[in-house]
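Below: one structure, written as structure tokens.
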Amino acid sequence: MTLRVLVVEDDREIRSLMQSALTVEGFEVQTAVSVSEARALLQHAPPDVMLLDLGLPDGDGIELVQEVRKHHSLPILVVSARHQEAQKIQLLDAGADDYLTKPFNVAELLARIRVALRHRGTTLDAAIKVHELEDLRVDLILHQVHCRGEALHLTPTEFKLLARLVRSAGRVVTHRQLLSDVWGPEFTEHTHYLRLYMAQLRAKIESDPAEPRHLLTETGIGYRLAAM
């Protein structure tokens with residue numbers, strides 16, 4: 001089962017970091033940059049977990065915590081630069097499950113998410129860390145790709161795209177999902193990005209890019225990484 005995480009964070013760099021780390025761990029990630037955008041996502045596609053910054057452009061996160069807690073039982077983890085004990089206590093009393101102070105360690109963030117889910121009776125399936133098929137080996141932990149016995153150099157975006165496909169190896173990932181997860185939700189219509197980077201990946205990975213064996217096209221839908 002793929003769990004959905006809503007990241008409410010207006011800092012682009014931090015939002016991208018969270019999205020990348022969570023995607024590699026196997027979560028489906030939605031992002032919002034404001035209270036109003038978060039409300040819309042909570043109403044139309046309720047997540048399984050919410051990660052929440054406090055200082056948002058159109059309101060304070062504590063109001064959203066109180067509002068969400070009235071209608072949802074999902075875990076809420078606050079990730080904020082505010083470190084005063086009184087504010088932490090106020091947020092926990094308002095319904096937040098945990099509080100992590102910026103700057104934070106990604107491994108600790110992931111551990112706290114697992115704990116919060118476990119408290120709700122939800123356990124996570126082990127995330128795919130290594131993909132191996134024929135002459136291709138992708139190691140998401142070491143950030144390494146080997147093909148035909150040689151180490152490949154991928155750009156950060158190429159690796160992020162490949163990692164997203166590894167997380168769903170054997171299954172189709174739609175164009176929109178790939179664009180949202182790799183570039184951000186504001187890029188879901190920019191299919192030329194996807195075509196360009198997929199062509200670059202195939203040029204590096206496939207023996208014959210015109211007849212790919214690993215990075216497969218599902219016409220009109222998306223792409224699939226071949227699996228056993």
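Note on naming: chains are A, B, ... as they come in the structure tokens, residues start from 1 per chain, ligands start from 1 in the order shown.
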When you look at His146 of chain A with a cut-off of 12 Å (counting only C-alpha atoms), what residues show up, excluding the ones that are within fewer than 4 positions of it in the same chain? I need them as a PDB file with N, CA and C atoms, in the first residue's frame.
```pdb
ATOM      1  N   VAL A 130      17.355  -1.010  -3.760  1.00  0.00           N
ATOM      2  CA  VAL A 130      18.238  -1.436  -4.845  1.00  0.00           C
ATOM      3  C   VAL A 130      17.395  -2.112  -5.923  1.00  0.00           C
ATOM      4  N   HIS A 131      17.646  -1.732  -7.167  1.00  0.00           N
ATOM      5  CA  HIS A 131      16.976  -2.354  -8.311  1.00  0.00           C
ATOM      6  C   HIS A 131      18.039  -3.017  -9.174  1.00  0.00           C
ATOM      7  N   GLU A 132      17.827  -4.300  -9.466  1.00  0.00           N
ATOM      8  CA  GLU A 132      18.766  -5.027 -10.319  1.00  0.00           C
ATOM      9  C   GLU A 132      17.985  -5.814 -11.364  1.00  0.00           C
ATOM     10  N   LEU A 133      18.356  -5.653 -12.609  1.00  0.00           N
ATOM     11  CA  LEU A 133      17.755  -6.423 -13.695  1.00  0.00           C
ATOM     12  C   LEU A 133      18.754  -6.470 -14.851  1.00  0.00           C
ATOM     13  N   GLU A 134      19.138  -7.689 -15.195  1.00  0.00           N
ATOM     14  CA  GLU A 134      20.098  -7.894 -16.285  1.00  0.00           C
ATOM     15  C   GLU A 134      21.359  -7.072 -16.040  1.00  0.00           C
ATOM     16  N   ASP A 135      21.637  -6.132 -16.918  1.00  0.00           N
ATOM     17  CA  ASP A 135      22.902  -5.382 -16.820  1.00  0.00           C
ATOM     18  C   ASP A 135      22.764  -4.056 -16.078  1.00  0.00           C
ATOM     19  N   LEU A 136      21.607  -3.810 -15.471  1.00  0.00           N
ATOM     20  CA  LEU A 136      21.369  -2.526 -14.785  1.00  0.00           C
ATOM     21  C   LEU A 136      21.266  -2.742 -13.277  1.00  0.00           C
ATOM     22  N   ARG A 137      21.987  -1.903 -12.524  1.00  0.00           N
ATOM     23  CA  ARG A 137      21.878  -1.922 -11.060  1.00  0.00           C
ATOM     24  C   ARG A 137      21.777  -0.484 -10.562  1.00  0.00           C
ATOM     25  N   VAL A 138      20.704  -0.185  -9.823  1.00  0.00           N
ATOM     26  CA  VAL A 138      20.485   1.150  -9.267  1.00  0.00           C
ATOM     27  C   VAL A 138      20.450   1.028  -7.753  1.00  0.00           C
ATOM     28  N   ASP A 139      21.329   1.746  -7.069  1.00  0.00           N
ATOM     29  CA  ASP A 139      21.389   1.742  -5.613  1.00  0.00           C
ATOM     30  C   ASP A 139      20.965   3.122  -5.118  1.00  0.00           C
ATOM     31  N   LEU A 140      19.761   3.207  -4.544  1.00  0.00           N
ATOM     32  CA  LEU A 140      19.245   4.498  -4.113  1.00  0.00           C
ATOM     33  C   LEU A 140      19.926   5.005  -2.845  1.00  0.00           C
ATOM     34  N   LEU A 142      23.275   4.446  -1.977  1.00  0.00           N
ATOM     35  CA  LEU A 142      24.609   4.946  -2.338  1.00  0.00           C
ATOM     36  C   LEU A 142      24.565   5.970  -3.469  1.00  0.00           C
ATOM     37  N   GLU A 150      29.759  -0.796 -15.825  1.00  0.00           N
ATOM     38  CA  GLU A 150      30.374   0.523 -15.678  1.00  0.00           C
ATOM     39  C   GLU A 150      29.492   1.447 -14.852  1.00  0.00           C
ATOM     40  N   ALA A 151      30.141   2.317 -14.074  1.00  0.00           N
ATOM     41  CA  ALA A 151      29.409   3.321 -13.302  1.00  0.00           C
ATOM     42  C   ALA A 151      28.943   4.424 -14.238  1.00  0.00           C
ATOM     43  N   LEU A 152      27.678   4.810 -14.112  1.00  0.00           N
ATOM     44  CA  LEU A 152      27.124   5.880 -14.947  1.00  0.00           C
ATOM     45  C   LEU A 152      27.057   7.175 -14.151  1.00  0.00           C
ATOM     46  N   HIS A 153      27.315   8.268 -14.819  1.00  0.00           N
ATOM     47  CA  HIS A 153      27.138   9.577 -14.191  1.00  0.00           C
ATOM     48  C   HIS A 153      25.797  10.143 -14.639  1.00  0.00           C
ATOM     49  N   LEU A 154      24.898  10.323 -13.670  1.00  0.00           N
ATOM     50  CA  LEU A 154      23.603  10.929 -13.953  1.00  0.00           C
ATOM     51  C   LEU A 154      23.538  12.305 -13.310  1.00  0.00           C
ATOM     52  N   LYS A 204      21.961   6.826 -21.864  1.00  0.00           N
ATOM     53  CA  LYS A 204      22.995   6.372 -20.934  1.00  0.00           C
ATOM     54  C   LYS A 204      22.815   4.919 -20.501  1.00  0.00           C
ATOM     55  N   ILE A 205      21.559   4.470 -20.439  1.00  0.00           N
ATOM     56  CA  ILE A 205      21.277   3.155 -19.855  1.00  0.00           C
ATOM     57  C   ILE A 205      21.063   2.073 -20.909  1.00  0.00           C
ATOM     58  N   GLU A 206      20.344   2.387 -21.954  1.00  0.00           N
ATOM     59  CA  GLU A 206      19.959   1.364 -22.919  1.00  0.00           C
ATOM     60  C   GLU A 206      21.066   1.077 -23.935  1.00  0.00           C
TER      61      GLU A 206
END
```
Could you give me, as JSON lines, a per-residue list for segment 97-210 of chain A showing, wherever an atom lies at most 12 Å from an atom of segment 51-68 of chain A, the closest pair of atoms and their distance in Å to one decimal, using only C-alpha atoms and sorting by chain then residue number from low to high?
```
{"residue": "A:Asp97", "atom": "CA", "partner": "A:Val65", "partner_atom": "CA", "distance": 10.0}
{"residue": "A:Asp98", "atom": "CA", "partner": "A:Leu51", "partner_atom": "CA", "distance": 9.7}
{"residue": "A:Tyr99", "atom": "CA", "partner": "A:Leu52", "partner_atom": "CA", "distance": 9.4}
{"residue": "A:Leu100", "atom": "CA", "partner": "A:Leu51", "partner_atom": "CA", "distance": 9.8}
{"residue": "A:Thr101", "atom": "CA", "partner": "A:Asp53", "partner_atom": "CA", "distance": 10.0}
{"residue": "A:Lys102", "atom": "CA", "partner": "A:Asp53", "partner_atom": "CA", "distance": 9.7}
{"residue": "A:Leu109", "atom": "CA", "partner": "A:Leu51", "partner_atom": "CA", "distance": 9.6}
{"residue": "A:Leu110", "atom": "CA", "partner": "A:Leu51", "partner_atom": "CA", "distance": 10.9}
{"residue": "A:Arg112", "atom": "CA", "partner": "A:Leu51", "partner_atom": "CA", "distance": 10.8}
{"residue": "A:Ile113", "atom": "CA", "partner": "A:Leu51", "partner_atom": "CA", "distance": 9.0}
{"residue": "A:Ala116", "atom": "CA", "partner": "A:Leu51", "partner_atom": "CA", "distance": 11.3}
```
### Query
Which residues come within 9 Å of Gln30 of chain A, counting only C-alpha atoms, excluding same-chain residues fewer than 6 positions away, as a list in words?
Arg4, Val5, Leu6, Val7, Val8, Gln19, Leu41, Pro47, Ser180, Asp181 and Pro185 of chain A
### Message
I need the residues of segment 22-227 of chain A that end up classed as strand (DSSP E or B) by DSSP on the backbone, written out as a PyMOL selection string.
### Response
chain A and resi 28-32+49-52+55-56+59-60+76-80+98-101+130-133+136-139+144-147+150-151+172-174+215-218+222-225
### alpha helix (DSSP H) per DSSP on the backbone: members of segment 2-219 of chain A, as a PyMOL selection string
chain A and resi 12-24+35-44+61-71+85-94+106-119+156-167+175-182+191-205
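Closest approach to Val166 of chain A among A:His190, A:Arg148, A:Arg224, A:His143: A:Arg224, based on only C-alpha atoms.
Each of A:Gln87, A:Glu25, A:Val79, A:Gln144 was checked against Ala107 of chain A using only C-alpha atoms; the smallest atom-to-atom distance is that of A:Glu25.
Near Arg195 of chain A, within 12 Å and counting only C-alpha atoms, sit Glu158, Leu161, His175, Leu178, Leu179, His190, Gln200, Leu201, Arg202, Leu215, Thr217, Gly222 and Tyr223 of chain A; same-chain residues fewer than 5 positions away were not included.
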File of the preceding selection, N, CA and C atoms, as a tab-separated table (two decimals), in the first residue's frame:
```
chain	number	residue	atom	x	y	z
A	158	GLU	N	18.18	13.56	-13.56
A	158	GLU	CA	18.11	12.22	-14.16
A	158	GLU	C	18.00	11.15	-13.08
A	161	LEU	N	14.54	11.17	-11.45
A	161	LEU	CA	13.55	10.55	-12.33
A	161	LEU	C	13.69	9.03	-12.30
A	175	HIS	N	2.55	10.31	-16.69
A	175	HIS	CA	3.31	11.52	-17.01
A	175	HIS	C	3.13	12.56	-15.91
A	178	LEU	N	4.97	11.66	-12.62
A	178	LEU	CA	6.42	11.83	-12.74
A	178	LEU	C	6.79	13.31	-12.71
A	179	LEU	N	6.07	14.11	-13.46
A	179	LEU	CA	6.36	15.55	-13.50
A	179	LEU	C	6.16	16.18	-12.12
A	190	HIS	N	4.23	20.22	-18.29
A	190	HIS	CA	5.47	20.40	-19.04
A	190	HIS	C	6.01	19.05	-19.50
A	200	GLN	N	17.52	11.30	-22.43
A	200	GLN	CA	18.88	11.34	-21.89
A	200	GLN	C	19.18	10.09	-21.07
A	201	LEU	N	18.22	9.65	-20.26
A	201	LEU	CA	18.40	8.44	-19.46
A	201	LEU	C	18.58	7.22	-20.36
A	202	ARG	N	17.75	7.12	-21.37
A	202	ARG	CA	17.86	5.98	-22.28
A	202	ARG	C	19.20	5.97	-23.01
A	215	LEU	N	13.71	1.10	-19.68
A	215	LEU	CA	12.82	2.27	-19.54
A	215	LEU	C	11.76	2.19	-20.64
A	217	THR	N	8.01	2.68	-22.51
A	217	THR	CA	6.94	3.66	-22.72
A	217	THR	C	5.59	2.97	-22.70
A	222	GLY	N	2.34	6.90	-19.62
A	222	GLY	CA	3.53	7.24	-18.86
A	222	GLY	C	4.68	6.32	-19.16
A	223	TYR	N	5.46	5.99	-18.13
A	223	TYR	CA	6.63	5.13	-18.31
A	223	TYR	C	6.65	4.06	-17.23
```
## Note on the structure
With distances taken over only C-alpha atoms, the candidate from A:Val106, A:Glu9, A:Lys129, A:His119 nearest Ser80 of chain A is A:Glu9
### Shortest interatomic distance to Gly184 of chain A - which of A:Lys160, A:Lys88, A:Arg39, A:Arg69, counting only C-alpha atoms
A:Lys160
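Between Val115 of chain A and the residues A:Pro75, A:Gly220, A:Pro209, A:Gly26, the shortest atom-to-atom distance, using only C-alpha atoms, involves A:Pro75.
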